[in-house]
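Trainee: work-v8.cif is reproduced below (mmCIF, C-alpha atoms and all ligand atoms).
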```cif
data_my_file
loop_
_atom_site.group_PDB
_atom_site.id
_atom_site.type_symbol
_atom_site.label_atom_id
_atom_site.label_comp_id
_atom_site.auth_asym_id
_atom_site.auth_seq_id
_atom_site.Cartn_x
_atom_site.Cartn_y
_atom_site.Cartn_z
ATOM 1 C CA MET A 58 158.954 40.235 71.839
ATOM 2 C CA ILE A 59 156.981 40.060 75.084
ATOM 3 C CA LYS A 60 157.647 36.794 76.931
ATOM 4 C CA GLY A 61 156.647 37.628 80.517
ATOM 5 C CA PHE A 62 154.037 39.483 82.562
ATOM 6 C CA ILE A 63 154.806 40.721 86.085
ATOM 7 C CA PHE A 64 151.736 41.413 88.195
ATOM 8 C CA ASP A 65 151.017 43.441 91.284
ATOM 9 C CA LEU A 66 148.464 41.696 93.526
ATOM 10 C CA ASP A 67 146.293 44.062 95.531
ATOM 11 C CA GLY A 68 144.177 46.164 93.155
ATOM 12 C CA VAL A 69 145.146 44.175 90.041
ATOM 13 C CA LEU A 70 144.443 40.464 90.630
ATOM 14 C CA THR A 71 142.144 40.956 93.630
ATOM 15 C CA ASP A 72 141.023 43.712 95.946
ATOM 16 C CA THR A 73 142.499 43.035 99.360
ATOM 17 C CA ALA A 74 142.681 46.792 100.097
ATOM 18 C CA GLU A 75 139.358 46.567 101.959
ATOM 19 C CA TYR A 76 140.774 43.943 104.353
ATOM 20 C CA HIS A 77 143.956 45.978 104.865
ATOM 21 C CA TYR A 78 141.707 48.946 105.630
ATOM 22 C CA GLN A 79 139.604 47.064 108.174
ATOM 23 C CA ALA A 80 142.672 45.724 109.980
ATOM 24 C CA TRP A 81 144.497 49.084 109.971
ATOM 25 C CA LYS A 82 141.353 50.885 111.112
ATOM 26 C CA ARG A 83 141.039 48.612 114.129
ATOM 27 C CA MET A 84 144.686 49.285 114.982
ATOM 28 C CA ALA A 85 144.356 53.061 114.419
ATOM 29 C CA ASN A 86 141.241 53.195 116.629
ATOM 30 C CA LYS A 87 143.145 51.421 119.376
ATOM 31 C CA LEU A 88 145.876 54.072 119.128
ATOM 32 C CA GLY A 89 143.329 56.916 119.046
ATOM 33 C CA ILE A 90 144.193 57.850 115.452
ATOM 34 C CA PRO A 91 141.443 58.664 112.925
ATOM 35 C CA LEU A 92 141.754 56.666 109.684
ATOM 36 C CA ASP A 93 139.279 56.970 106.822
ATOM 37 C CA ARG A 94 139.027 55.427 103.366
ATOM 38 C CA GLU A 95 140.642 58.440 101.721
ATOM 39 C CA MET A 96 143.734 58.121 103.930
ATOM 40 C CA ASN A 97 143.720 54.383 103.222
ATOM 41 C CA GLU A 98 144.285 55.172 99.519
ATOM 42 C CA GLN A 99 147.764 56.403 100.506
ATOM 43 C CA LEU A 100 148.574 52.971 101.934
ATOM 44 C CA LYS A 101 148.032 51.050 98.689
ATOM 45 C CA GLY A 102 151.195 49.372 97.422
ATOM 46 C CA ILE A 103 153.124 50.547 100.496
ATOM 47 C CA SER A 104 154.839 47.980 102.767
ATOM 48 C CA ARG A 105 153.404 47.026 106.163
ATOM 49 C CA MET A 106 155.943 49.011 108.218
ATOM 50 C CA ASP A 107 155.715 52.052 105.929
ATOM 51 C CA SER A 108 151.910 51.904 106.254
ATOM 52 C CA LEU A 109 152.203 51.884 110.055
ATOM 53 C CA GLU A 110 154.593 54.873 109.930
ATOM 54 C CA ARG A 111 152.100 56.815 107.797
ATOM 55 C CA ILE A 112 149.271 56.058 110.231
ATOM 56 C CA LEU A 113 151.395 57.074 113.231
ATOM 57 C CA ALA A 114 152.324 60.298 111.397
ATOM 58 C CA ILE A 115 148.607 61.127 110.985
ATOM 59 C CA GLY A 116 148.272 60.923 114.790
ATOM 60 C CA ASN A 117 151.593 62.734 115.446
ATOM 61 C CA GLN A 118 152.756 59.567 117.202
ATOM 62 C CA THR A 119 155.886 58.800 115.181
ATOM 63 C CA GLU A 120 158.191 59.234 118.190
ATOM 64 C CA LYS A 121 155.875 57.558 120.685
ATOM 65 C CA TYR A 122 156.872 53.926 120.046
ATOM 66 C CA SER A 123 160.185 52.046 119.965
ATOM 67 C CA VAL A 124 161.180 49.921 116.953
ATOM 68 C CA GLU A 125 160.159 46.792 118.897
ATOM 69 C CA GLU A 126 156.766 48.284 119.784
ATOM 70 C CA LYS A 127 156.199 49.255 116.135
ATOM 71 C CA GLU A 128 157.014 45.697 115.065
ATOM 72 C CA GLN A 129 154.521 44.438 117.648
ATOM 73 C CA LEU A 130 151.811 46.787 116.305
ATOM 74 C CA ALA A 131 152.503 45.724 112.696
ATOM 75 C CA ASN A 132 152.323 42.047 113.744
ATOM 76 C CA GLU A 133 149.025 42.609 115.502
ATOM 77 C CA LYS A 134 147.567 44.219 112.380
ATOM 78 C CA ASN A 135 148.831 41.315 110.290
ATOM 79 C CA GLU A 136 147.241 38.708 112.572
ATOM 80 C CA ASP A 137 143.908 40.523 112.133
ATOM 81 C CA TYR A 138 144.454 40.758 108.365
ATOM 82 C CA LYS A 139 145.265 37.026 108.104
ATOM 83 C CA LYS A 140 141.921 36.204 109.726
ATOM 84 C CA LEU A 141 140.117 38.439 107.215
ATOM 85 C CA ILE A 142 141.776 36.881 104.143
ATOM 86 C CA LEU A 143 140.662 33.386 105.198
ATOM 87 C CA SER A 144 137.399 34.138 103.368
ATOM 88 C CA VAL A 145 139.107 34.836 99.983
ATOM 89 C CA THR A 146 137.967 32.470 97.170
ATOM 90 C CA PRO A 147 138.431 32.300 93.355
ATOM 91 C CA ASN A 148 135.297 34.492 93.152
ATOM 92 C CA ASP A 149 137.433 37.326 94.490
ATOM 93 C CA LEU A 150 139.515 37.549 91.314
ATOM 94 C CA LEU A 151 138.845 41.001 89.850
ATOM 95 C CA PRO A 152 136.737 41.143 86.632
ATOM 96 C CA GLY A 153 138.572 39.965 83.507
ATOM 97 C CA ILE A 154 141.581 38.550 85.367
ATOM 98 C CA ALA A 155 140.698 34.857 84.975
ATOM 99 C CA ASP A 156 140.379 35.326 81.183
ATOM 100 C CA LEU A 157 143.571 37.377 80.965
ATOM 101 C CA LEU A 158 145.575 34.735 82.862
ATOM 102 C CA ALA A 159 144.103 31.957 80.670
ATOM 103 C CA ASP A 160 145.058 33.906 77.506
ATOM 104 C CA LEU A 161 148.592 34.455 78.815
ATOM 105 C CA LYS A 162 149.019 30.734 79.522
ATOM 106 C CA LYS A 163 147.707 29.896 76.028
ATOM 107 C CA GLU A 164 150.447 32.108 74.560
ATOM 108 C CA ASN A 165 153.106 30.498 76.824
ATOM 109 C CA ILE A 166 153.849 33.855 78.395
ATOM 110 C CA ARG A 167 155.606 33.434 81.756
ATOM 111 C CA LEU A 168 154.081 34.977 84.885
ATOM 112 C CA ALA A 169 155.610 36.564 87.983
ATOM 113 C CA LEU A 170 154.140 38.202 91.060
ATOM 114 C CA ALA A 171 155.682 41.487 92.263
ATOM 115 C CA SER A 172 153.615 42.361 95.316
ATOM 116 C CA ALA A 173 154.720 44.226 98.431
ATOM 117 C CA SER A 174 152.554 41.801 100.415
ATOM 118 C CA LYS A 175 154.217 39.080 102.467
ATOM 119 C CA ASN A 176 150.795 37.363 102.383
ATOM 120 C CA GLY A 177 150.909 37.186 98.560
ATOM 121 C CA PRO A 178 151.515 33.392 98.237
ATOM 122 C CA VAL A 179 148.624 32.552 100.638
ATOM 123 C CA ILE A 180 146.233 34.866 98.798
ATOM 124 C CA MET A 181 147.259 33.364 95.410
ATOM 125 C CA GLU A 182 146.471 29.883 96.767
ATOM 126 C CA LYS A 183 143.060 31.062 97.997
ATOM 127 C CA LEU A 184 142.368 32.686 94.618
ATOM 128 C CA GLY A 185 143.247 29.371 92.907
ATOM 129 C CA ILE A 186 145.927 30.962 90.675
ATOM 130 C CA ALA A 187 149.162 29.975 92.466
ATOM 131 C CA ASP A 188 149.926 27.186 89.945
ATOM 132 C CA LEU A 189 149.647 29.566 86.985
ATOM 133 C CA PHE A 190 152.577 31.654 88.203
ATOM 134 C CA ASP A 191 156.170 30.687 87.441
ATOM 135 C CA THR A 192 157.682 32.756 90.245
ATOM 136 C CA VAL A 193 156.956 35.125 93.132
ATOM 137 C CA VAL A 194 159.357 37.883 94.200
ATOM 138 C CA ASP A 195 159.868 37.639 97.971
ATOM 139 C CA PRO A 196 159.199 41.151 99.317
ATOM 140 C CA ALA A 197 161.314 40.321 102.394
ATOM 141 C CA SER A 198 164.342 40.035 100.076
ATOM 142 C CA LEU A 199 164.095 43.649 98.891
ATOM 143 C CA ALA A 200 166.332 46.490 100.017
ATOM 144 C CA ASN A 201 163.815 49.052 98.717
ATOM 145 C CA GLY A 202 160.063 48.974 98.145
ATOM 146 C CA LYS A 203 158.085 50.531 95.276
ATOM 147 C CA PRO A 204 158.678 53.112 93.692
ATOM 148 C CA ASP A 205 162.212 51.668 93.587
ATOM 149 C CA PRO A 206 162.519 49.399 90.490
ATOM 150 C CA GLU A 207 164.077 46.513 92.480
ATOM 151 C CA ILE A 208 160.936 44.346 92.785
ATOM 152 C CA PHE A 209 160.176 44.444 89.024
ATOM 153 C CA ILE A 210 163.830 43.970 88.041
ATOM 154 C CA LYS A 211 163.900 40.876 90.291
ATOM 155 C CA GLY A 212 160.636 39.684 88.735
ATOM 156 C CA ALA A 213 162.219 39.786 85.255
ATOM 157 C CA GLU A 214 165.399 38.105 86.557
ATOM 158 C CA GLN A 215 163.403 35.310 88.215
ATOM 159 C CA LEU A 216 161.570 34.776 84.912
ATOM 160 C CA GLN A 217 165.014 34.665 83.245
ATOM 161 C CA LEU A 218 163.926 37.408 80.873
ATOM 162 C CA LYS A 219 165.265 40.829 79.902
ATOM 163 C CA THR A 220 163.211 43.729 81.251
ATOM 164 C CA GLU A 221 162.304 44.756 77.689
ATOM 165 C CA GLU A 222 160.726 41.323 77.198
ATOM 166 C CA CYS A 223 158.294 41.960 80.083
ATOM 167 C CA VAL A 224 155.082 43.842 80.818
ATOM 168 C CA GLY A 225 154.285 45.053 84.366
ATOM 169 C CA VAL A 226 150.721 45.603 85.613
ATOM 170 C CA GLU A 227 149.966 47.933 88.546
ATOM 171 C CA ASP A 228 147.217 49.973 90.182
ATOM 172 C CA ALA A 229 149.368 52.269 92.368
ATOM 173 C CA GLN A 230 151.329 55.311 91.231
ATOM 174 C CA ALA A 231 154.385 54.097 93.166
ATOM 175 C CA GLY A 232 154.063 50.794 91.293
ATOM 176 C CA ILE A 233 153.963 52.451 87.859
ATOM 177 C CA GLU A 234 157.079 54.440 88.772
ATOM 178 C CA SER A 235 158.756 51.204 89.827
ATOM 179 C CA ILE A 236 157.906 49.467 86.506
ATOM 180 C CA ASN A 237 159.004 52.471 84.422
ATOM 181 C CA ALA A 238 162.303 52.796 86.298
ATOM 182 C CA ALA A 239 162.926 49.078 85.652
ATOM 183 C CA GLY A 240 162.642 49.706 81.891
ATOM 184 C CA ILE A 241 159.542 47.514 81.662
ATOM 185 C CA PHE A 242 156.392 48.379 79.649
ATOM 186 C CA SER A 243 153.885 49.625 82.247
ATOM 187 C CA VAL A 244 150.167 48.883 82.222
ATOM 188 C CA GLY A 245 148.114 50.867 84.744
ATOM 189 C CA VAL A 246 144.662 50.170 86.157
ATOM 190 C CA GLY A 247 142.977 53.309 87.459
ATOM 191 C CA THR A 248 141.885 56.826 86.601
ATOM 192 C CA LYS A 249 143.629 58.749 83.781
ATOM 193 C CA GLU A 250 144.974 61.184 86.359
ATOM 194 C CA MET A 251 146.407 58.485 88.669
ATOM 195 C CA MET A 252 147.806 56.447 85.753
ATOM 196 C CA LYS A 253 149.193 59.352 83.727
ATOM 197 C CA ASN A 254 152.729 57.914 83.795
ATOM 198 C CA ALA A 255 151.707 54.445 82.607
ATOM 199 C CA ASP A 256 152.695 53.424 79.050
ATOM 200 C CA TYR A 257 149.140 52.102 78.645
ATOM 201 C CA ALA A 258 146.230 52.613 81.036
ATOM 202 C CA VAL A 259 142.745 51.152 81.471
ATOM 203 C CA SER A 260 140.131 52.271 83.975
ATOM 204 C CA ASP A 261 139.114 48.792 85.080
ATOM 205 C CA THR A 262 140.617 45.270 85.125
ATOM 206 C CA SER A 263 137.800 44.080 82.819
ATOM 207 C CA GLU A 264 139.483 46.170 80.090
ATOM 208 C CA LEU A 265 142.795 44.303 80.375
ATOM 209 C CA LYS A 266 142.853 42.402 77.056
ATOM 210 C CA LEU A 267 146.009 40.521 76.088
ATOM 211 C CA SER A 268 145.814 41.414 72.372
ATOM 212 C CA ASP A 269 145.457 45.156 73.145
ATOM 213 C CA ILE A 270 148.345 45.121 75.620
ATOM 214 C CA LEU A 271 150.677 43.224 73.258
ATOM 215 C CA LYS A 272 149.814 45.618 70.411
ATOM 216 C CA LYS A 273 150.709 48.645 72.577
ATOM 217 C CA ALA A 274 153.821 47.037 74.062
ATOM 218 C CA THR A 275 155.305 46.067 70.712
ATOM 219 C CA ASN A 276 154.483 49.304 68.905
HETATM 220 P P1 LIG B 301 151.347 42.757 103.849
HETATM 221 P P2 LIG B 301 150.436 45.116 96.494
HETATM 222 C C1 LIG B 301 150.379 45.775 99.098
HETATM 223 O O1 LIG B 301 150.032 44.881 98.067
HETATM 224 C C2 LIG B 301 149.125 46.476 99.611
HETATM 225 O O2 LIG B 301 148.576 47.295 98.583
HETATM 226 C C3 LIG B 301 149.462 47.347 100.794
HETATM 227 O O3 LIG B 301 148.301 47.983 101.289
HETATM 228 C C4 LIG B 301 150.109 46.467 101.887
HETATM 229 O O4 LIG B 301 150.487 47.256 103.011
HETATM 230 C C5 LIG B 301 151.323 45.763 101.307
HETATM 231 O O5 LIG B 301 150.931 44.998 100.175
HETATM 232 C C6 LIG B 301 151.993 44.849 102.327
HETATM 233 O O6 LIG B 301 151.102 43.807 102.658
HETATM 234 O O7 LIG B 301 151.079 43.491 105.139
HETATM 235 O O8 LIG B 301 150.339 41.674 103.545
HETATM 236 O O9 LIG B 301 152.772 42.280 103.744
HETATM 237 O O10 LIG B 301 149.558 46.213 95.968
HETATM 238 O O11 LIG B 301 151.918 45.427 96.418
HETATM 239 O O12 LIG B 301 150.104 43.761 95.906
HETATM 240 MG MG MG B 302 148.468 47.273 94.159
#
```
For the file at hand, write its structure as structure tokens.

Mentor:
Amino acid sequence: MIKGFIFDLDGVLTDTAEYHYQAWKRMANKLGIPLDREMNEQLKGISRMDSLERILAIGNQTEKYSVEEKEQLANEKNEDYKKLILSVTPNDLLPGIADLLADLKKENIRLALASASKNGPVIMEKLGIADLFDTVVDPASLANGKPDPEIFIKGAEQLQLKTEECVGVEDAQAGIESINAAGIFSVGVGTKEMMKNADYAVSDTSELKLSDILKKATN
């Protein structure tokens, strides 16, 4: 029986990818590295430092900066990003998410957040959904990011549920791999091609219906 849902944030509950893009683009420009929207796709679901490493690799600048300098660059990007997310409101919930969360609460299904973003709790407050969630996995506590299963295993543990009692929802391929490796039923949001490893996939968040998901997960 499904008793918990573990959600990714960016791309599932809201679309903060655009703000990440704007902040990274400003940083990349400063470093003389070209960054376009297509490259930005590769940064979805990836931690802040891993994102910086990928951008530096595009500009062949991996060796150019010390660890301290890289931390400084990542901090600068985050300060920019924090200014951009100040404008987030409940209207920024992706289509269908408010109804899905309301249906989950009606069924007394417990909710966890499993986002790579250290800004997750602030964004949840701004979206007006922080109180609906029972627990948030702290990404700073993780030894390994997605696709490692650690974040979703911790999500289930924090909900005090077995992994087979949970559903995980993701929009990134690395996230689906993470859910699958945790032994959790995976729901993917995205194209058929991108979500080919998901146990159940929809093309858009508006298609995330609790009754459909529970039917598939308990089949
Ligand atoms: P922060 P998710 C991820 O969120 C984003 O998709 C990714 O682009 C970002 O680098 C990462 O969070 C870390 O975010 O810099 O705010 O700690 O998809 O895991 O909810
Ligand atoms: Mg995501």

Trainee: Given a cut-off of 9 Å, what residues near ligand LIG 301 (chain B) show up using all atoms listed in the file, put as a ChimeraX atom specification?

Mentor: /A:64-74,77-78,97-109,131-132,134-135,138-139,170-177,196-197,203,227-229,232

Trainee: Going by the chain IDs and residue numbers used in this file, which residues fall under the PyMOL selection byres (((chain A and resi 270) around 12) and not hetatm)? Write them as a list in words.

Mentor: Ile59, Phe62, Leu157, Asp160, Leu161, Cys223, Val224, Gly225, Val226, Phe242, Ser243, Val244, Gly245, Asp256, Tyr257, Ala258, Val259, Glu264, Leu265, Lys266, Leu267, Ser268, Asp269, Leu271, Lys272, Lys273, Ala274, Thr275 and Asn276 of chain A

Trainee: Once you count all atoms listed in the file, which residues end up no further than 12 Å from (149.5, 55.7, 124.1) in the file's frame, shown as a PyMOL selection string?

Mentor: chain A and resi 85-90+113+116-122+126

Trainee: Select, from A:Ala231, A:Ile208, A:Val179, A:Met252, the residue with the minimum atom-to-atom distance to ligand MG 302 (chain B), counting all atoms listed in the file.

Mentor: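 Among the listed residues, A:Ala231 lies closest to ligand MG 302 (chain B).
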
Trainee: State, in Å with one decimal place, the distance from atom CA of A:Pro178 to atom CA of A:Thr248.

Mentor: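 Value for the atom CA of A:Pro178-atom CA of A:Thr248 distance: 27.9 Å.
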
Trainee: Counting all atoms listed in the file, which residue out of A:Val193, A:Ile241, A:Ile233, A:Ile180 sits closest to ligand MG 302 (chain B)?

Mentor: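 Smallest separation from ligand MG 302 (chain B) among the options: A:Ile233.
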
Trainee: Counting only C-alpha atoms, which of A:Val124, A:Leu130, A:Leu189, A:Leu143 gets nearest to A:Ala159?

Mentor: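 The shortest atom-to-atom distance to A:Ala159 comes from A:Leu189.
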
Trainee: Counting only C-alpha atoms and all ligand atoms, figure out which residue out of A:Ile112, A:Val246, A:Ala255, A:Ala155 gets nearest to ligand MG 302 (chain B).

Mentor: A:Val246

Trainee: Which of these residues is nearest to ligand MG 302 (chain B), using all atoms listed in the file: A:Pro152, A:Gly61, A:Gly247, A:Gly185?

Mentor: A:Gly247

Trainee: Would you please work out which residue, of A:Arg83, A:Glu182, A:Ser263, A:Ala238, is nearest to A:Glu136 when using only C-alpha atoms?

Mentor: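 So, comparing all the options, the nearest one is A:Arg83.
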
Trainee: Grab the atom CA of A:Val194 to atom CA of A:Asp156 distance for me, in Å with one decimal place.

Mentor: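 Interatomic distance here is 23.2 Å.
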
Trainee: Identify all residues satisfying the PyMOL selection byres (((chain A and resi 214) around 12) and not hetatm) in the given file; provide them as a VMD selection string.

Mentor: chain A and resid 61 63 167 to 169 171 191 to 194 207 to 213 215 to 223 239

Trainee: Rounded to one decimal, what separation in Å do you get between atom CA of A:Ala80 and atom CA of A:Leu141?

Mentor: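 Here the two named atoms are 8.2 Å from each other.
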
Trainee: Tell me which protein, DNA and RNA residues are within 7 Å of A:Leu184, counting all atoms listed in the file, leaving out same-chain ones fewer than 2 positions away, and put them as a CSV table (one decimal) with C-alpha atoms, in the frame of the given file.

Mentor:
```csv
chain,number,residue,atom,x,y,z
A,145,VAL,CA,139.1,34.8,100.0
A,146,THR,CA,138.0,32.5,97.2
A,147,PRO,CA,138.4,32.3,93.4
A,149,ASP,CA,137.4,37.3,94.5
A,150,LEU,CA,139.5,37.5,91.3
A,180,ILE,CA,146.2,34.9,98.8
A,181,MET,CA,147.3,33.4,95.4
A,182,GLU,CA,146.5,29.9,96.8
A,186,ILE,CA,145.9,31.0,90.7
```

Trainee: Produce the centre coordinates and the three edge lengths, each in Å to one decimal, of the box along x, y and z that contains all listed atoms of stretch 203-212 of chain A with 6 Å added on each side, as lines of an AutoDock Vina configuration file.

Mentor:
```
center_x = 161.1
center_y = 46.4
center_z = 91.7
size_x = 18.0
size_y = 25.4
size_z = 19.2
```
